[in-house]
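Comments concern the structure below.
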Amino acid sequence: MLNLIAAQTAVLDTPVIFQRLFADQSQYSLDAPSVPQVLTCILSALAIGILIGLVYMFTHRKTGYTQSYVLAMPMLSGLVATILVTMCLLSNGVTAAISLTGAFSLVRFRSAPGDPRDIAYVFFAMVMGTVCGIGYIGYAFLIFVIMAAALIIFNLVNFAAPHTQDMTLKVTIPENLNYNGLFDNVFEKYTTSYLLRRVKTTDFGTLFDLVYSVRVRTDADQKKFIDDIRALNGNLNVTLVLYKYDDQIYDTKAK
């Protein structure tokens with residue numbers, strides 16, 4: 001059942017492999033894995049999970065990361081490998097009821113919406129746990145080396161980085177200042193697109209809070225951008241949020 005590194009079996013003949021893929025598998029007798037095999041699969045999954053965590057730490061060294069997320073990598077890979085190895089140990093009808101899809105559904109990743117790469121790392125750890133759990137430990141390490149090298153190279157060369165960044169700009173202006181088209185020249189200089197998303201009065205109507213969704217050029221000087229805005233709004237508050245517009249950001253009543 002557990003194909004622990006190709007050295008334990010004879011050299012595989014390629015045509016035979018593909019015949020087995022489409023042949024009736026009910027005639028084969030699958031022996032339960034031994035204790036050393038089970039431990040080898042689980043420990044290998046944990047080791048690869050730790051390595052995935054190290055790759056995650058390296059690729060997020062500038063943006064930051066949390067310890068709990070890094071620790072989740074070896075936990076996920078080890079748990080998925082444990083589930084699959086346990087399937088091999090079962091000898092009753094429960095084995096047929098558990099599938100690879102069921103093993104993945106046992107792990108529910110819940111967190112606030114964030115970087116899609118974080119979810120990709122979760123699936124990376126789970127896939128490595130799956131490959132180790134079915135016994136292909138050699139292939140697991142080979143796949144890890146390939147994927148880790150690709151992730152590190154993409155990070156170093158800043159692959160597919162956009163030339164703009166979506167941000168949210170909050171500007172405070174006095175009530176007697178007409179904001180229609182007031183900042184258009186500044187926006188055209190530092191952004192590729194902009195849109196007024198929200199207008200709100202503050203301080204008993206003496207001030208206006210304007211919230212813009214802007215797409216700032218990556219080569220733009222953000223300090224000069226803010227200084228040009230301040231020159232037009234009477235040197236009142238200017239806030240540049242490094243996130244795309246979200247109305248909840250400025251809702252003081254939101255929990």
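The way I read the labels, and the way they are meant: chains A, B, ... in the order of the structure tokens, residue 1 as the first residue of every chain, and ligand 1 as the first ligand shown, with later ones counted on from there.
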Worksheet entry | Residue contacts of A:Ser44 (7 Å, only C-alpha atoms) excluding same-chain residues fewer than 4 positions away, as a ChimeraX atom specification | /A:40,48,132,137
Go ahead and write the residues just picked, C-alpha atoms, as a PDB file, in the first residue's frame.
```
ATOM      1  CA  THR A  40       8.286   7.403   8.383  1.00  0.00           C
ATOM      2  CA  ILE A  48       8.320  18.897   4.756  1.00  0.00           C
ATOM      3  CA  CYS A 132       3.663  11.437   2.197  1.00  0.00           C
ATOM      4  CA  ILE A 137       8.089  10.173   0.276  1.00  0.00           C
TER       5      ILE A 137
END
```
Worksheet item: Contacts of stretch 206-211 of chain A at 12 Å or less, counting only C-alpha atoms, minus same-chain residues fewer than 2 places along, as a ChimeraX atom specification?
Response: /A:167-180,182-183,194-204,213-214,229,233-234,236-241,244-251
Discussion item. I'd like to know which of A:Ile153, A:Asp115, A:Ile134, A:Met75 is closest to A:Tyr243, using only C-alpha atoms.
Written reply: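 Checking each candidate against A:Tyr243, we get A:Asp115 as the closest.
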Discussion item. Quick one: residues within 9 Å of A:Ile42, only C-alpha atoms, excluding same-chain residues fewer than 5 positions away - as a ChimeraX atom specification?
Written reply: /A:37,47,77-82,85,129,132-133
Restrict the selected residues to N, CA and C atoms and save them as a PDB file, in the first residue's frame.
```
ATOM      1  N   GLN A  37       6.864   2.137   8.868  1.00  0.00           N
ATOM      2  CA  GLN A  37       6.382   2.813   7.670  1.00  0.00           C
ATOM      3  C   GLN A  37       5.440   3.966   8.033  1.00  0.00           C
ATOM      4  N   ALA A  47       8.401  17.022   8.534  1.00  0.00           N
ATOM      5  CA  ALA A  47       9.648  17.662   8.090  1.00  0.00           C
ATOM      6  C   ALA A  47       9.394  18.562   6.887  1.00  0.00           C
ATOM      7  N   SER A  77       0.282  19.334   7.252  1.00  0.00           N
ATOM      8  CA  SER A  77       0.879  18.227   6.488  1.00  0.00           C
ATOM      9  C   SER A  77       0.934  16.960   7.320  1.00  0.00           C
ATOM     10  N   GLY A  78       1.265  17.078   8.611  1.00  0.00           N
ATOM     11  CA  GLY A  78       1.305  15.895   9.465  1.00  0.00           C
ATOM     12  C   GLY A  78      -0.066  15.297   9.700  1.00  0.00           C
ATOM     13  N   LEU A  79      -1.078  16.144   9.875  1.00  0.00           N
ATOM     14  CA  LEU A  79      -2.429  15.634  10.117  1.00  0.00           C
ATOM     15  C   LEU A  79      -3.003  14.955   8.880  1.00  0.00           C
ATOM     16  N   VAL A  80      -2.796  15.551   7.707  1.00  0.00           N
ATOM     17  CA  VAL A  80      -3.299  14.928   6.477  1.00  0.00           C
ATOM     18  C   VAL A  80      -2.614  13.593   6.242  1.00  0.00           C
ATOM     19  N   ALA A  81      -1.302  13.528   6.472  1.00  0.00           N
ATOM     20  CA  ALA A  81      -0.592  12.261   6.326  1.00  0.00           C
ATOM     21  C   ALA A  81      -1.118  11.231   7.320  1.00  0.00           C
ATOM     22  N   THR A  82      -1.413  11.648   8.529  1.00  0.00           N
ATOM     23  CA  THR A  82      -1.955  10.730   9.535  1.00  0.00           C
ATOM     24  C   THR A  82      -3.302  10.176   9.110  1.00  0.00           C
ATOM     25  N   VAL A  85      -2.681   7.580   6.307  1.00  0.00           N
ATOM     26  CA  VAL A  85      -2.069   6.358   6.828  1.00  0.00           C
ATOM     27  C   VAL A  85      -3.089   5.562   7.638  1.00  0.00           C
ATOM     28  N   GLY A 129       1.380  16.589   2.631  1.00  0.00           N
ATOM     29  CA  GLY A 129       0.930  15.585   3.585  1.00  0.00           C
ATOM     30  C   GLY A 129       0.242  14.421   2.902  1.00  0.00           C
ATOM     31  N   CYS A 132       2.962  12.232   1.186  1.00  0.00           N
ATOM     32  CA  CYS A 132       3.663  11.437   2.197  1.00  0.00           C
ATOM     33  C   CYS A 132       2.751  10.366   2.776  1.00  0.00           C
ATOM     34  N   GLY A 133       1.482  10.696   2.950  1.00  0.00           N
ATOM     35  CA  GLY A 133       0.556   9.741   3.547  1.00  0.00           C
ATOM     36  C   GLY A 133       0.329   8.506   2.710  1.00  0.00           C
TER      37      GLY A 133
END
```
Practice prompt. Please run DSSP on the backbone and report, as a list in words, all residues within stretch 198-242 of chain A that come out as strand (DSSP E).
Written response: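 Checking each residue of stretch 198-242 of chain A, the strand (DSSP E) ones are Arg198, Val199, Lys200, Thr201, Thr202, Leu207, Phe208, Asp209, Leu210, Val211, Tyr212, Ser213, Val214, Arg215, Val216, Arg217, Val238, Thr239, Leu240 and Val241 of chain A.
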Discussion item. Rounded to one decimal, what separation in Å do you get between atom CA of A:Phe225 and atom CA of A:Phe159?
Written reply: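 So the two atoms, atom CA of A:Phe225 and atom CA of A:Phe159, lie 26.6 Å apart.
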Discussion item. Can you pull out every residue from stretch 16-240 of chain A that DSSP, working from the backbone, puts in helix (DSSP H, G or I), and format the result as a ChimeraX atom specification?
Written reply: /A:16-22,25-27,35-59,67-89,94-97,100-105,116-133,137-156,184-190,222-232
Practice prompt. To one decimal in Å, tell me the separation between atom CA of A:His163 and atom CA of A:Ile226.
Written response: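 Between atom CA of A:His163 and atom CA of A:Ile226 the gap is 19.4 Å.
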Worksheet item: How many Å separate atom CA of A:Tyr65 from atom CA of A:Ile152?
Response: 16.0 Å
Discussion item. I need the residue nearest A:Gly49 from this list: A:Asn155, A:Thr66, A:Ser34, A:Thr130. Use only C-alpha atoms for the distance.
Written reply: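 The shortest atom-to-atom distance to A:Gly49 comes from A:Thr130.
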Worksheet item: For A:Lys62, which residue among A:Ile143, A:Leu156, A:Thr191, A:Ile83 is the nearest when counting only C-alpha atoms?
Response: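 The shortest atom-to-atom distance to A:Lys62 comes from A:Leu156.
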